[in-house]
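Colleague: As input, take input.csv (CSV, C-alpha atoms):
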```
chain,number,residue,atom,x,y,z
A,12,MET,CA,21.2,-76.1,172.9
A,13,HIS,CA,19.2,-77.7,175.5
A,14,ASP,CA,20.3,-78.1,179.1
A,15,ARG,CA,20.7,-81.8,179.6
A,16,THR,CA,17.6,-82.5,177.4
A,17,ASP,CA,19.4,-85.3,175.5
A,18,ASP,CA,20.7,-87.0,178.7
A,19,GLN,CA,18.4,-89.9,179.6
A,20,PRO,CA,19.6,-92.0,182.5
A,21,PRO,CA,19.7,-95.8,181.9
A,22,LEU,CA,16.7,-97.8,183.1
A,23,ASP,CA,16.9,-100.9,185.1
A,24,ARG,CA,14.6,-103.9,184.7
A,25,THR,CA,12.2,-102.6,187.3
A,26,ASP,CA,11.9,-99.2,185.5
A,27,VAL,CA,11.3,-100.9,182.1
A,28,ALA,CA,8.7,-103.2,183.6
A,29,LEU,CA,6.9,-100.3,185.3
A,30,ARG,CA,6.6,-98.4,182.0
A,31,TYR,CA,5.3,-101.4,180.1
A,32,LEU,CA,2.8,-102.1,182.9
A,33,CYS,CA,1.5,-98.5,182.6
A,34,ALA,CA,0.9,-99.2,178.9
A,35,VAL,CA,-0.6,-102.6,179.3
A,36,VAL,CA,-3.1,-101.8,182.0
A,37,PRO,CA,-5.2,-99.5,179.7
A,38,MET,CA,-4.9,-102.0,177.0
A,39,LEU,CA,-6.3,-104.7,179.2
A,40,PHE,CA,-9.1,-102.4,180.3
A,41,TYR,CA,-10.1,-101.6,176.7
A,42,GLY,CA,-9.5,-105.2,175.7
A,43,VAL,CA,-12.0,-106.4,178.3
A,44,ILE,CA,-14.6,-104.0,177.0
A,45,LEU,CA,-13.9,-105.1,173.4
A,46,ALA,CA,-14.3,-108.7,174.5
A,47,TRP,CA,-17.6,-108.0,176.1
A,48,LEU,CA,-18.8,-106.2,173.0
A,49,VAL,CA,-17.7,-109.1,170.8
A,50,LEU,CA,-19.6,-111.5,173.0
A,51,ARG,CA,-22.7,-109.4,172.5
A,52,GLU,CA,-22.2,-108.7,168.9
A,53,PRO,CA,-20.0,-111.3,167.2
A,54,ASP,CA,-19.8,-109.3,163.9
A,55,ARG,CA,-17.5,-106.9,165.8
A,56,LEU,CA,-14.8,-109.5,166.0
A,57,LEU,CA,-12.8,-108.2,163.0
A,58,PRO,CA,-12.7,-104.5,164.1
A,59,ALA,CA,-11.9,-105.6,167.7
A,60,ALA,CA,-9.0,-107.7,166.4
A,61,ALA,CA,-7.7,-104.8,164.4
A,62,ASP,CA,-8.0,-102.6,167.4
A,63,VAL,CA,-5.9,-105.0,169.5
A,64,ALA,CA,-3.4,-105.4,166.7
A,65,MET,CA,-2.8,-101.7,166.5
A,66,GLY,CA,-2.5,-101.6,170.3
A,67,VAL,CA,0.2,-104.3,170.1
A,68,ALA,CA,1.9,-102.2,167.4
A,69,GLY,CA,2.0,-99.3,169.7
A,70,LEU,CA,3.5,-101.5,172.4
A,71,VAL,CA,6.2,-102.5,169.9
A,72,LEU,CA,6.9,-98.8,169.0
A,73,MET,CA,7.4,-98.0,172.6
A,74,ARG,CA,10.8,-99.7,172.5
A,75,ARG,CA,12.1,-96.8,170.4
A,76,ARG,CA,10.6,-94.0,172.5
A,77,ARG,CA,13.9,-93.0,174.2
A,78,HIS,CA,15.8,-92.8,170.9
A,79,ARG,CA,13.1,-91.3,168.6
A,80,PRO,CA,10.7,-89.7,171.1
A,81,LEU,CA,8.8,-87.4,168.7
A,82,PRO,CA,8.2,-89.9,165.9
A,83,VAL,CA,7.1,-92.6,168.3
A,84,ALA,CA,4.8,-90.2,170.2
A,85,LEU,CA,3.2,-89.0,166.9
A,86,ALA,CA,2.8,-92.6,165.6
A,87,THR,CA,1.2,-93.9,168.7
A,88,ALA,CA,-1.1,-90.9,168.9
A,89,LEU,CA,-2.3,-91.5,165.3
A,90,LEU,CA,-3.0,-95.1,166.2
A,91,THR,CA,-5.5,-93.9,168.9
A,92,VAL,CA,-7.8,-92.6,166.1
A,93,PHE,CA,-8.6,-96.2,165.2
A,94,SER,CA,-7.6,-98.1,168.3
A,95,THR,CA,-8.7,-97.7,171.9
A,96,THR,CA,-6.0,-100.2,173.1
A,97,ALA,CA,-3.3,-98.0,171.7
A,98,ALA,CA,-4.1,-95.4,174.3
A,99,GLY,CA,-1.8,-96.9,176.9
A,100,PRO,CA,1.4,-97.0,174.6
A,101,ALA,CA,0.5,-93.5,173.3
A,102,GLN,CA,0.3,-92.1,176.9
A,103,VAL,CA,3.7,-93.7,177.9
A,104,ALA,CA,5.3,-92.4,174.6
A,105,TYR,CA,3.9,-88.9,175.2
A,106,VAL,CA,5.2,-88.8,178.8
A,107,SER,CA,8.6,-90.0,177.6
A,108,LEU,CA,8.7,-87.2,175.1
A,109,CYS,CA,7.9,-84.6,177.8
A,110,THR,CA,10.8,-85.9,179.9
A,111,HIS,CA,13.1,-84.6,177.1
A,112,ARG,CA,11.8,-81.1,177.8
A,113,ARG,CA,11.7,-79.8,174.3
A,114,PRO,CA,8.8,-77.3,174.2
A,115,ARG,CA,8.2,-77.3,170.4
A,116,GLN,CA,8.1,-81.1,170.2
A,117,ILE,CA,5.8,-81.2,173.3
A,118,VAL,CA,3.4,-78.7,171.8
A,119,LEU,CA,3.3,-80.5,168.5
A,120,ALA,CA,2.7,-83.9,170.1
A,121,ALA,CA,0.1,-82.5,172.4
A,122,ALA,CA,-1.8,-80.9,169.5
A,123,VAL,CA,-1.7,-84.1,167.4
A,124,SER,CA,-2.8,-86.1,170.4
A,125,TRP,CA,-5.7,-83.8,171.1
A,126,LEU,CA,-6.8,-83.8,167.4
A,127,CYS,CA,-6.6,-87.6,167.4
A,128,LEU,CA,-8.7,-87.7,170.6
A,129,ALA,CA,-11.3,-85.3,169.0
A,130,GLY,CA,-11.3,-87.3,165.8
A,131,GLN,CA,-11.9,-90.6,167.6
A,132,ALA,CA,-14.8,-89.0,169.5
A,133,ALA,CA,-16.3,-87.6,166.3
A,134,TRP,CA,-16.0,-91.0,164.6
A,135,TYR,CA,-18.9,-92.3,166.7
A,136,GLY,CA,-20.9,-89.1,166.4
A,137,ILE,CA,-20.9,-85.8,168.1
A,138,GLY,CA,-23.0,-85.9,171.3
A,139,GLN,CA,-22.8,-85.6,175.0
A,140,ALA,CA,-20.6,-88.7,175.2
A,141,ALA,CA,-18.1,-87.2,172.7
A,142,VAL,CA,-18.0,-83.9,174.7
A,143,VAL,CA,-17.3,-85.8,177.9
A,144,SER,CA,-14.7,-88.0,176.2
A,145,VAL,CA,-12.8,-85.0,174.7
A,146,THR,CA,-13.0,-83.1,178.0
A,147,THR,CA,-11.7,-86.0,180.0
A,148,GLY,CA,-8.9,-86.7,177.4
A,149,THR,CA,-7.9,-83.0,177.5
A,150,VAL,CA,-7.5,-83.1,181.3
A,151,LEU,CA,-5.6,-86.3,181.1
A,152,LEU,CA,-3.3,-84.9,178.4
A,153,GLY,CA,-2.5,-81.9,180.6
A,154,GLY,CA,-1.9,-84.2,183.6
A,155,LEU,CA,0.5,-86.3,181.5
A,156,THR,CA,2.3,-83.2,180.4
A,157,VAL,CA,2.8,-82.0,184.0
A,158,PHE,CA,3.8,-85.5,185.0
A,159,GLY,CA,6.4,-85.8,182.3
A,160,LEU,CA,8.0,-82.5,183.1
A,161,TYR,CA,8.0,-83.5,186.8
A,162,LEU,CA,9.9,-86.7,186.0
A,163,ARG,CA,12.4,-84.6,184.1
A,164,GLY,CA,12.8,-82.3,187.1
A,165,ARG,CA,13.4,-85.3,189.4
A,166,ARG,CA,16.0,-86.6,187.0
A,167,ASP,CA,17.8,-83.3,186.8
A,168,LEU,CA,17.8,-83.0,190.6
A,169,ALA,CA,19.2,-86.5,190.9
A,170,ALA,CA,21.8,-85.8,188.3
A,171,SER,CA,22.8,-82.5,190.0
A,172,GLN,CA,23.1,-84.3,193.3
A,173,ARG,CA,25.3,-86.9,191.8
A,174,GLU,CA,27.5,-84.3,190.2
A,175,ALA,CA,27.7,-82.4,193.4
A,176,ALA,CA,28.7,-85.6,195.3
A,177,LEU,CA,31.3,-86.3,192.6
A,178,ALA,CA,32.6,-82.8,192.8
A,179,ALA,CA,32.8,-82.9,196.6
A,180,GLU,CA,34.6,-86.2,196.4
A,181,ARG,CA,37.1,-84.8,193.8
A,182,GLU,CA,37.6,-81.7,196.0
A,183,GLN,CA,38.2,-83.8,199.0
A,184,LEU,CA,40.7,-86.0,197.1
A,185,HIS,CA,42.4,-82.8,195.9
A,186,ARG,CA,42.6,-81.4,199.4
A,187,ILE,CA,44.1,-84.6,200.7
A,188,GLU,CA,46.6,-84.6,197.9
A,189,GLN,CA,47.5,-81.0,198.6
A,190,ALA,CA,47.9,-81.8,202.3
A,191,ARG,CA,50.2,-84.7,201.4
A,192,PHE,CA,52.2,-82.6,199.0
A,193,ALA,CA,52.6,-79.8,201.6
A,194,GLU,CA,53.6,-82.3,204.3
A,195,ARG,CA,56.2,-83.9,202.0
A,196,ALA,CA,57.5,-80.4,201.1
A,197,LYS,CA,58.0,-79.7,204.8
A,198,ILE,CA,59.8,-83.1,205.2
A,199,ALA,CA,62.0,-82.3,202.2
A,200,GLN,CA,62.8,-78.9,203.7
A,201,GLU,CA,63.5,-80.5,207.0
A,202,MET,CA,65.8,-83.0,205.4
A,203,HIS,CA,67.6,-80.3,203.4
A,204,ASP,CA,68.3,-78.2,206.5
A,205,VAL,CA,69.5,-81.1,208.6
A,206,LEU,CA,71.7,-82.7,206.0
A,207,ALA,CA,73.1,-79.5,204.6
A,208,HIS,CA,74.2,-78.5,208.1
A,209,ARG,CA,75.8,-81.9,208.9
A,210,VAL,CA,77.4,-82.4,205.5
A,211,SER,CA,78.9,-78.9,205.6
A,212,LEU,CA,80.4,-79.6,209.0
A,213,LEU,CA,81.8,-82.9,207.8
A,214,SER,CA,83.3,-81.1,204.8
A,215,MET,CA,84.9,-78.5,207.1
A,216,LEU,CA,86.3,-81.1,209.4
A,217,ALA,CA,87.6,-83.3,206.6
A,218,GLY,CA,89.2,-80.2,205.0
A,219,GLY,CA,91.1,-79.5,208.1
A,220,LEU,CA,92.5,-83.0,208.1
A,221,ALA,CA,93.4,-82.8,204.4
A,222,TYR,CA,95.2,-79.4,204.4
A,223,ARG,CA,96.7,-79.0,207.9
A,224,THR,CA,100.0,-80.7,208.3
A,225,ASP,CA,100.7,-79.3,211.7
A,226,LEU,CA,98.1,-81.3,213.6
A,227,GLY,CA,99.3,-83.6,216.4
A,228,PRO,CA,98.0,-87.1,217.0
A,229,GLU,CA,95.6,-85.8,219.7
A,230,GLU,CA,94.1,-83.0,217.5
A,231,THR,CA,93.8,-85.5,214.6
A,232,ARG,CA,92.0,-87.9,216.8
A,233,ARG,CA,89.7,-85.2,218.1
A,234,ILE,CA,88.8,-84.1,214.6
A,235,ALA,CA,88.2,-87.7,213.5
A,236,LEU,CA,85.9,-88.3,216.5
A,237,ALA,CA,84.0,-85.1,215.5
A,238,ILE,CA,83.6,-86.4,212.0
A,239,GLN,CA,82.4,-89.7,213.3
A,240,GLU,CA,79.9,-88.0,215.7
A,241,ASN,CA,78.6,-85.8,212.9
A,242,ALA,CA,78.2,-88.7,210.5
A,243,HIS,CA,76.3,-90.6,213.2
A,244,GLN,CA,74.1,-87.7,213.9
A,245,SER,CA,73.4,-87.3,210.2
A,246,LEU,CA,72.3,-90.9,209.9
A,247,ASN,CA,70.1,-90.6,213.0
A,248,GLU,CA,68.4,-87.4,211.8
A,249,LEU,CA,68.0,-88.7,208.2
A,250,ARG,CA,66.4,-91.9,209.6
A,251,ALA,CA,64.0,-89.8,211.7
A,252,VAL,CA,62.9,-87.7,208.8
A,253,LEU,CA,62.5,-90.7,206.5
A,254,GLY,CA,60.5,-92.5,209.2
A,255,ALA,CA,58.1,-89.6,209.3
A,256,LEU,CA,57.8,-89.7,205.5
A,257,ARG,CA,56.9,-93.4,205.6
A,258,ARG,CA,54.3,-92.9,208.2
A,259,ASP,CA,52.7,-90.2,206.1
A,260,SER,CA,52.4,-88.1,209.2
A,261,ALA,CA,53.7,-84.8,210.5
A,262,VAL,CA,57.4,-84.3,211.0
A,263,GLU,CA,58.2,-85.5,214.5
A,264,ALA,CA,62.0,-85.4,214.7
A,265,PRO,CA,64.3,-83.6,214.7
A,266,GLN,CA,62.4,-80.6,216.1
A,267,PRO,CA,64.9,-78.3,217.9
A,268,THR,CA,63.8,-74.8,218.8
A,269,LEU,CA,65.5,-71.5,219.4
A,270,SER,CA,66.1,-72.4,223.1
A,271,ARG,CA,68.7,-74.9,221.8
A,272,VAL,CA,70.5,-72.5,219.5
A,273,GLY,CA,73.4,-72.3,222.0
A,274,ASP,CA,74.0,-76.0,221.4
A,275,LEU,CA,74.1,-75.3,217.7
A,276,PHE,CA,76.8,-72.6,218.1
A,277,ASP,CA,78.8,-74.9,220.3
A,278,GLU,CA,78.6,-77.6,217.7
A,279,VAL,CA,79.8,-75.5,214.8
A,280,ARG,CA,82.6,-74.0,216.9
A,281,ALA,CA,83.7,-77.5,217.8
A,282,ALA,CA,83.9,-78.2,214.1
A,283,GLY,CA,86.1,-75.2,213.5
A,284,GLN,CA,83.7,-72.5,212.4
A,285,HIS,CA,84.4,-69.1,214.0
A,286,VAL,CA,81.1,-67.6,215.2
A,287,GLU,CA,80.6,-64.4,217.2
A,288,VAL,CA,77.3,-64.5,219.0
A,289,ASP,CA,75.2,-61.7,220.4
A,290,ASP,CA,72.1,-63.4,221.9
A,291,GLY,CA,69.7,-60.9,223.3
A,292,VAL,CA,66.5,-62.9,223.1
A,293,ARG,CA,64.5,-62.6,226.3
A,294,ASP,CA,62.1,-65.4,227.4
A,295,ALA,CA,63.0,-67.7,224.4
A,296,ASP,CA,60.8,-70.4,226.0
A,297,LEU,CA,57.7,-68.2,225.5
A,298,LEU,CA,58.2,-68.1,221.7
A,299,PRO,CA,55.5,-70.1,219.9
A,300,ALA,CA,56.7,-73.6,219.0
A,301,PRO,CA,56.4,-73.2,215.2
A,302,THR,CA,58.2,-69.9,215.2
A,303,ALA,CA,60.9,-71.2,217.5
A,304,ARG,CA,61.5,-74.1,215.2
A,305,HIS,CA,61.7,-72.0,212.1
A,306,ALA,CA,64.0,-69.5,213.9
A,307,TYR,CA,66.4,-72.4,214.8
A,308,ARG,CA,66.4,-73.7,211.2
A,309,ILE,CA,67.0,-70.2,209.9
A,310,VAL,CA,70.1,-69.7,212.1
A,311,GLN,CA,71.3,-73.2,211.1
A,312,GLU,CA,70.8,-72.6,207.4
A,313,ALA,CA,72.5,-69.2,207.6
A,314,LEU,CA,75.6,-70.8,209.3
A,315,THR,CA,75.6,-73.5,206.6
A,316,ASN,CA,75.5,-70.9,203.8
A,317,ALA,CA,78.4,-69.1,205.4
A,318,ARG,CA,80.4,-72.3,205.5
A,319,LYS,CA,79.6,-73.0,201.9
A,320,HIS,CA,80.3,-69.6,200.4
A,321,ALA,CA,82.8,-68.1,202.8
A,322,PRO,CA,84.7,-71.1,204.3
A,323,GLY,CA,87.0,-70.1,207.1
A,324,SER,CA,85.5,-66.6,207.5
A,325,PRO,CA,84.3,-65.5,210.9
A,326,VAL,CA,80.5,-65.3,211.2
A,327,THR,CA,78.6,-62.8,213.3
A,328,ALA,CA,75.1,-63.9,214.6
A,329,ARG,CA,72.9,-61.4,216.4
A,330,LEU,CA,69.6,-62.4,217.9
A,331,HIS,CA,67.3,-60.0,219.6
A,332,GLY,CA,63.6,-60.1,220.6
A,333,ARG,CA,61.0,-60.3,223.2
A,334,PRO,CA,57.2,-61.0,223.4
A,335,GLY,CA,55.2,-58.3,221.6
A,336,ARG,CA,58.3,-56.8,219.9
A,337,GLY,CA,59.1,-59.6,217.5
A,338,LEU,CA,62.3,-61.6,216.8
A,339,HIS,CA,65.2,-60.2,214.8
A,340,ILE,CA,67.9,-62.5,213.5
A,341,ARG,CA,71.0,-61.1,211.7
A,342,VAL,CA,73.8,-63.3,210.4
A,343,SER,CA,76.7,-61.7,208.5
A,344,ASN,CA,80.1,-62.8,207.2
A,345,PRO,CA,82.8,-61.4,205.0
A,346,VAL,CA,82.5,-62.0,201.2
A,347,PRO,CA,85.7,-63.5,199.9
A,348,PRO,CA,87.0,-61.8,196.7
A,349,GLY,CA,86.2,-63.7,193.5
A,350,THR,CA,83.5,-65.8,195.1
A,351,SER,CA,81.6,-67.7,192.5
A,352,ALA,CA,78.3,-69.5,192.6
A,353,GLY,CA,78.8,-73.1,193.6
A,354,PRO,CA,76.5,-76.1,193.4
A,355,GLY,CA,73.2,-75.3,195.0
A,356,SER,CA,73.9,-71.6,195.0
A,357,ARG,CA,71.0,-69.4,196.2
A,358,LEU,CA,68.9,-72.6,197.0
A,359,GLY,CA,69.7,-71.9,200.7
A,360,LEU,CA,68.3,-68.4,200.4
A,361,VAL,CA,65.2,-69.8,198.8
A,362,GLY,CA,64.8,-72.2,201.7
A,363,LEU,CA,65.3,-69.4,204.2
A,364,ALA,CA,62.7,-67.2,202.5
A,365,GLU,CA,60.2,-70.1,202.7
A,366,ARG,CA,61.0,-70.6,206.4
A,367,ALA,CA,60.4,-66.9,207.0
A,368,GLN,CA,57.2,-66.9,205.0
A,369,MET,CA,55.8,-69.9,206.9
A,370,ALA,CA,56.5,-68.2,210.2
A,371,GLY,CA,54.8,-65.0,209.0
A,372,GLY,CA,58.0,-63.0,208.9
A,373,THR,CA,60.2,-61.1,206.3
A,374,ILE,CA,63.7,-61.7,205.0
A,375,SER,CA,66.2,-59.5,203.3
A,376,HIS,CA,69.8,-59.9,202.3
A,377,ALA,CA,72.5,-57.7,200.8
A,378,VAL,CA,76.2,-57.1,200.6
A,379,ARG,CA,77.2,-54.1,202.7
A,380,ASP,CA,80.8,-52.9,203.2
A,381,GLY,CA,82.2,-56.2,201.9
A,382,ARG,CA,80.0,-58.4,204.2
A,383,PHE,CA,77.0,-60.5,203.3
A,384,VAL,CA,74.2,-59.5,205.7
A,385,LEU,CA,71.1,-61.6,206.2
A,386,ASP,CA,68.2,-60.0,208.1
A,387,VAL,CA,65.1,-62.0,209.2
A,388,ARG,CA,62.3,-60.6,211.3
A,389,LEU,CA,59.6,-62.9,212.7
A,390,PRO,CA,56.5,-62.0,214.6
A,391,TRP,CA,56.3,-62.8,218.3
A,392,GLU,CA,52.8,-62.3,219.7
A,393,VAL,CA,52.2,-61.8,223.4
```
Would you mind writing the structure in this file as structure tokens?
Modeller:
Amino acid sequence: MHDRTDDQPPLDRTDVALRYLCAVVPMLFYGVILAWLVLREPDRLLPAAADVAMGVAGLVLMRRRRHRPLPVALATALLTVFSTTAAGPAQVAYVSLCTHRRPRQIVLAAAVSWLCLAGQAAWYGIGQAAVVSVTTGTVLLGGLTVFGLYLRGRRDLAASQREAALAAEREQLHRIEQARFAERAKIAQEMHDVLAHRVSLLSMLAGGLAYRTDLGPEETRRIALAIQENAHQSLNELRAVLGALRRDSAVEAPQPTLSRVGDLFDEVRAAGQHVEVDDGVRDADLLPAPTARHAYRIVQEALTNARKHAPGSPVTARLHGRPGRGLHIRVSNPVPPGTSAGPGSRLGLVGLAERAQMAGGTISHAVRDGRFVLDVRLPWEV
């Protein structure tokens, strides 16, 4: 196999014209000499015409040099034994062969070209002029070989640069696509956390209205207002997340942090969830914003999971931490007997694990003494 030896870039009209110009100029030079000789010796007209005809034949053969480089190079070289005007097409065909960078073919074509050169010189007799002609032709043949290989190197370099540019463009598009995918994943997670929290609250409030028959008008009105408020909040938060998705930008809202976790506890208590809170976090405002946001969402999702899998059970939430010591979140609730996996079971734990991982923390969960215990530890650098 040859490394890109068969790849020949397409030529535009300028490139084609330049190559034919390189072939025609020597033909014109030798043609002028032949015309001058014919004017001095009219009996040379027939050999001169044959010389020019073979030169034109070489010019015609040049059209196939890119598809049949070796046969064309050999044929035009053989023409130079009998035709001086065929030298131009032969030189162009030989350079074209060298650009394919096939050593065996180059050596064969160079040997045939040199033998034809020597044969033409010997045709007119061996003398000082023949020696000069062969020496000059040998140097020219070597120069054409170097020039052909140089052109191939330039083509390979240009092809490599094009490939590198295309690869860089593909890589850039891949990075952009990955960034978009990651951003959409964040938005999807944000949407899941917000809506799961709101919908579970609505379910709890609606369940109270459906199964409690001892509620008075005022309590019923209070629960209905809470349902209305949570539905309104759900629509607002969903609209905010979808708006961020349409803008193809970072998630801007909602972005609550751990400093607002007290409002979250008040909200779920108002909806009827029993939560015992032990908040020992010091200097919560100093917590880095990404970690504070993830911590809030972790607590929110943990409360949502408790409402889904242990409805009506009291929940215990303990938060402890300070700068340099890390943040520890533990949420636990009793495991009702006979609890079965419902719709979306364990998806909440997957989301919690992703949150903890994004914040650089760890998560563990287990059932201990009849209680489901969720432990999350997040870093809190000074």
Colleague: I'd like the contact shell of region 117-133 of chain A - 12 Å cut-off, all atoms listed in the file, skipping same-chain residues fewer than 4 positions apart - returned as a PDB file with C-alpha atoms, in the coordinates of the input.
Modeller:
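Contents of around-v7.pdb, freshly written:
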```pdb
ATOM      1  CA  PRO A  80      10.700 -89.700 171.100  1.00  0.00           C
ATOM      2  CA  LEU A  81       8.800 -87.400 168.700  1.00  0.00           C
ATOM      3  CA  PRO A  82       8.200 -89.900 165.900  1.00  0.00           C
ATOM      4  CA  VAL A  83       7.100 -92.600 168.300  1.00  0.00           C
ATOM      5  CA  ALA A  84       4.800 -90.200 170.200  1.00  0.00           C
ATOM      6  CA  LEU A  85       3.200 -89.000 166.900  1.00  0.00           C
ATOM      7  CA  ALA A  86       2.800 -92.600 165.600  1.00  0.00           C
ATOM      8  CA  THR A  87       1.200 -93.900 168.700  1.00  0.00           C
ATOM      9  CA  ALA A  88      -1.100 -90.900 168.900  1.00  0.00           C
ATOM     10  CA  LEU A  89      -2.300 -91.500 165.300  1.00  0.00           C
ATOM     11  CA  LEU A  90      -3.000 -95.100 166.200  1.00  0.00           C
ATOM     12  CA  THR A  91      -5.500 -93.900 168.900  1.00  0.00           C
ATOM     13  CA  VAL A  92      -7.800 -92.600 166.100  1.00  0.00           C
ATOM     14  CA  PHE A  93      -8.600 -96.200 165.200  1.00  0.00           C
ATOM     15  CA  SER A  94      -7.600 -98.100 168.300  1.00  0.00           C
ATOM     16  CA  THR A  95      -8.700 -97.700 171.900  1.00  0.00           C
ATOM     17  CA  ALA A  97      -3.300 -98.000 171.700  1.00  0.00           C
ATOM     18  CA  ALA A  98      -4.100 -95.400 174.300  1.00  0.00           C
ATOM     19  CA  ALA A 101       0.500 -93.500 173.300  1.00  0.00           C
ATOM     20  CA  GLN A 102       0.300 -92.100 176.900  1.00  0.00           C
ATOM     21  CA  ALA A 104       5.300 -92.400 174.600  1.00  0.00           C
ATOM     22  CA  TYR A 105       3.900 -88.900 175.200  1.00  0.00           C
ATOM     23  CA  VAL A 106       5.200 -88.800 178.800  1.00  0.00           C
ATOM     24  CA  SER A 107       8.600 -90.000 177.600  1.00  0.00           C
ATOM     25  CA  LEU A 108       8.700 -87.200 175.100  1.00  0.00           C
ATOM     26  CA  CYS A 109       7.900 -84.600 177.800  1.00  0.00           C
ATOM     27  CA  THR A 110      10.800 -85.900 179.900  1.00  0.00           C
ATOM     28  CA  HIS A 111      13.100 -84.600 177.100  1.00  0.00           C
ATOM     29  CA  ARG A 112      11.800 -81.100 177.800  1.00  0.00           C
ATOM     30  CA  ARG A 113      11.700 -79.800 174.300  1.00  0.00           C
ATOM     31  CA  ILE A 137     -20.900 -85.800 168.100  1.00  0.00           C
ATOM     32  CA  GLY A 138     -23.000 -85.900 171.300  1.00  0.00           C
ATOM     33  CA  GLN A 139     -22.800 -85.600 175.000  1.00  0.00           C
ATOM     34  CA  ALA A 140     -20.600 -88.700 175.200  1.00  0.00           C
ATOM     35  CA  ALA A 141     -18.100 -87.200 172.700  1.00  0.00           C
ATOM     36  CA  VAL A 142     -18.000 -83.900 174.700  1.00  0.00           C
ATOM     37  CA  VAL A 143     -17.300 -85.800 177.900  1.00  0.00           C
ATOM     38  CA  SER A 144     -14.700 -88.000 176.200  1.00  0.00           C
ATOM     39  CA  VAL A 145     -12.800 -85.000 174.700  1.00  0.00           C
ATOM     40  CA  THR A 146     -13.000 -83.100 178.000  1.00  0.00           C
ATOM     41  CA  THR A 147     -11.700 -86.000 180.000  1.00  0.00           C
ATOM     42  CA  GLY A 148      -8.900 -86.700 177.400  1.00  0.00           C
ATOM     43  CA  THR A 149      -7.900 -83.000 177.500  1.00  0.00           C
ATOM     44  CA  VAL A 150      -7.500 -83.100 181.300  1.00  0.00           C
ATOM     45  CA  LEU A 151      -5.600 -86.300 181.100  1.00  0.00           C
ATOM     46  CA  LEU A 152      -3.300 -84.900 178.400  1.00  0.00           C
ATOM     47  CA  GLY A 153      -2.500 -81.900 180.600  1.00  0.00           C
ATOM     48  CA  GLY A 154      -1.900 -84.200 183.600  1.00  0.00           C
ATOM     49  CA  LEU A 155       0.500 -86.300 181.500  1.00  0.00           C
ATOM     50  CA  THR A 156       2.300 -83.200 180.400  1.00  0.00           C
ATOM     51  CA  VAL A 157       2.800 -82.000 184.000  1.00  0.00           C
ATOM     52  CA  GLY A 159       6.400 -85.800 182.300  1.00  0.00           C
ATOM     53  CA  LEU A 160       8.000 -82.500 183.100  1.00  0.00           C
TER      54      LEU A 160
END
```
Colleague: Using all atoms listed in the file, collect all residues at a distance of at most 12 Å from (88.5, -63.1, 199.7) as written in the file, then present them as a VMD selection string.
Modeller: chain A and resid 320 to 324 344 to 351 381 to 382
Colleague: Need to verify the contact set: Pro390 (chain A), 8 Å, only C-alpha atoms, exclusion of same-chain residues closer than 2 positions in sequence. Can you return it as an MDAnalysis selection string?
Modeller: chainID A and resid 336:338 370:372 388 392
Colleague: Between A:Leu29, A:Leu314, A:Val67, A:Ala306, which is the closest to Thr373 (chain A) once you count only C-alpha atoms?
Modeller: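 That would be A:Ala306, the residue with the smallest distance to Thr373 (chain A).
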Colleague: Given the choices A:Asp62, A:Asp204, A:Glu240, A:Asp225, which gets closest to Val310 (chain A) if the distance is worked out from only C-alpha atoms?
Modeller: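 Between A:Asp62, A:Asp204, A:Glu240, A:Asp225, the residue approaching Val310 (chain A) most closely is A:Asp204.
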Colleague: Rounded to one decimal, what separation in Å do you get between CA of Val378 (chain A) and CA of Val342 (chain A)?
Modeller: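 Atom-to-atom, CA of Val378 (chain A) to CA of Val342 (chain A), that is 11.8 Å.
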Colleague: Distance CA of Ile374 (chain A)-CA of Arg186 (chain A), one decimal place?
Modeller: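 So the answer is 29.4 Å.
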Colleague: What gap, in Å, lies between CA of Ala34 (chain A) and CA of Arg55 (chain A)?
Modeller: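 CA of Arg55 (chain A) lies at a distance of 23.9 Å from CA of Ala34 (chain A).
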Colleague: Using all atoms listed in the file, find the one residue out of A:Gln189, A:Thr315, A:Thr268, A:Thr327 that sits nearest to Ala300 (chain A).
Modeller: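 Closest to Ala300 (chain A) of all the choices is A:Thr268.
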Colleague: Determine the nearest neighbour of Ala328 (chain A) from the options A:Gly362, A:Pro228, A:Gly283, A:Gly273, counting all atoms listed in the file.
Modeller: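 Answer, going by the shortest atom-to-atom distance: A:Gly273.
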Colleague: Please, which residues are within 8 Å of (61.4, -70.0, 211.1) by the file's coordinates, counting all atoms listed in the file, and could they come as a list in words?
Modeller: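 Residues satisfying the cut-off, written out: Pro301, Thr302, Ala303, Arg304, His305, Ala306, Tyr307, Arg308, Ile309, Leu363, Arg366, Ala367, Met369, Ala370 and Leu389 of chain A.
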Colleague: Considering only C-alpha atoms, can you say which of A:Ala61, A:Met215, A:Val387, A:Ala295 comes closest to Arg318 (chain A)?
Modeller: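 Among A:Ala61, A:Met215, A:Val387, A:Ala295, it is A:Met215 that comes nearest to Arg318 (chain A).
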Colleague: Show which residues sit within 10 Å of Ala235 (chain A), as a PyMOL selection string. Count all atoms listed in the file, and ignore same-chain residues fewer than 3 positions away.
Modeller: chain A and resi 213+216-217+220+229-232+238-241
Colleague: Return the single residue from A:Ala170, A:Val272, A:Leu298, A:Val326 that is closest to Gln284 (chain A), with distances computed using only C-alpha atoms.
Modeller: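 Nearest to Gln284 (chain A): A:Val326.
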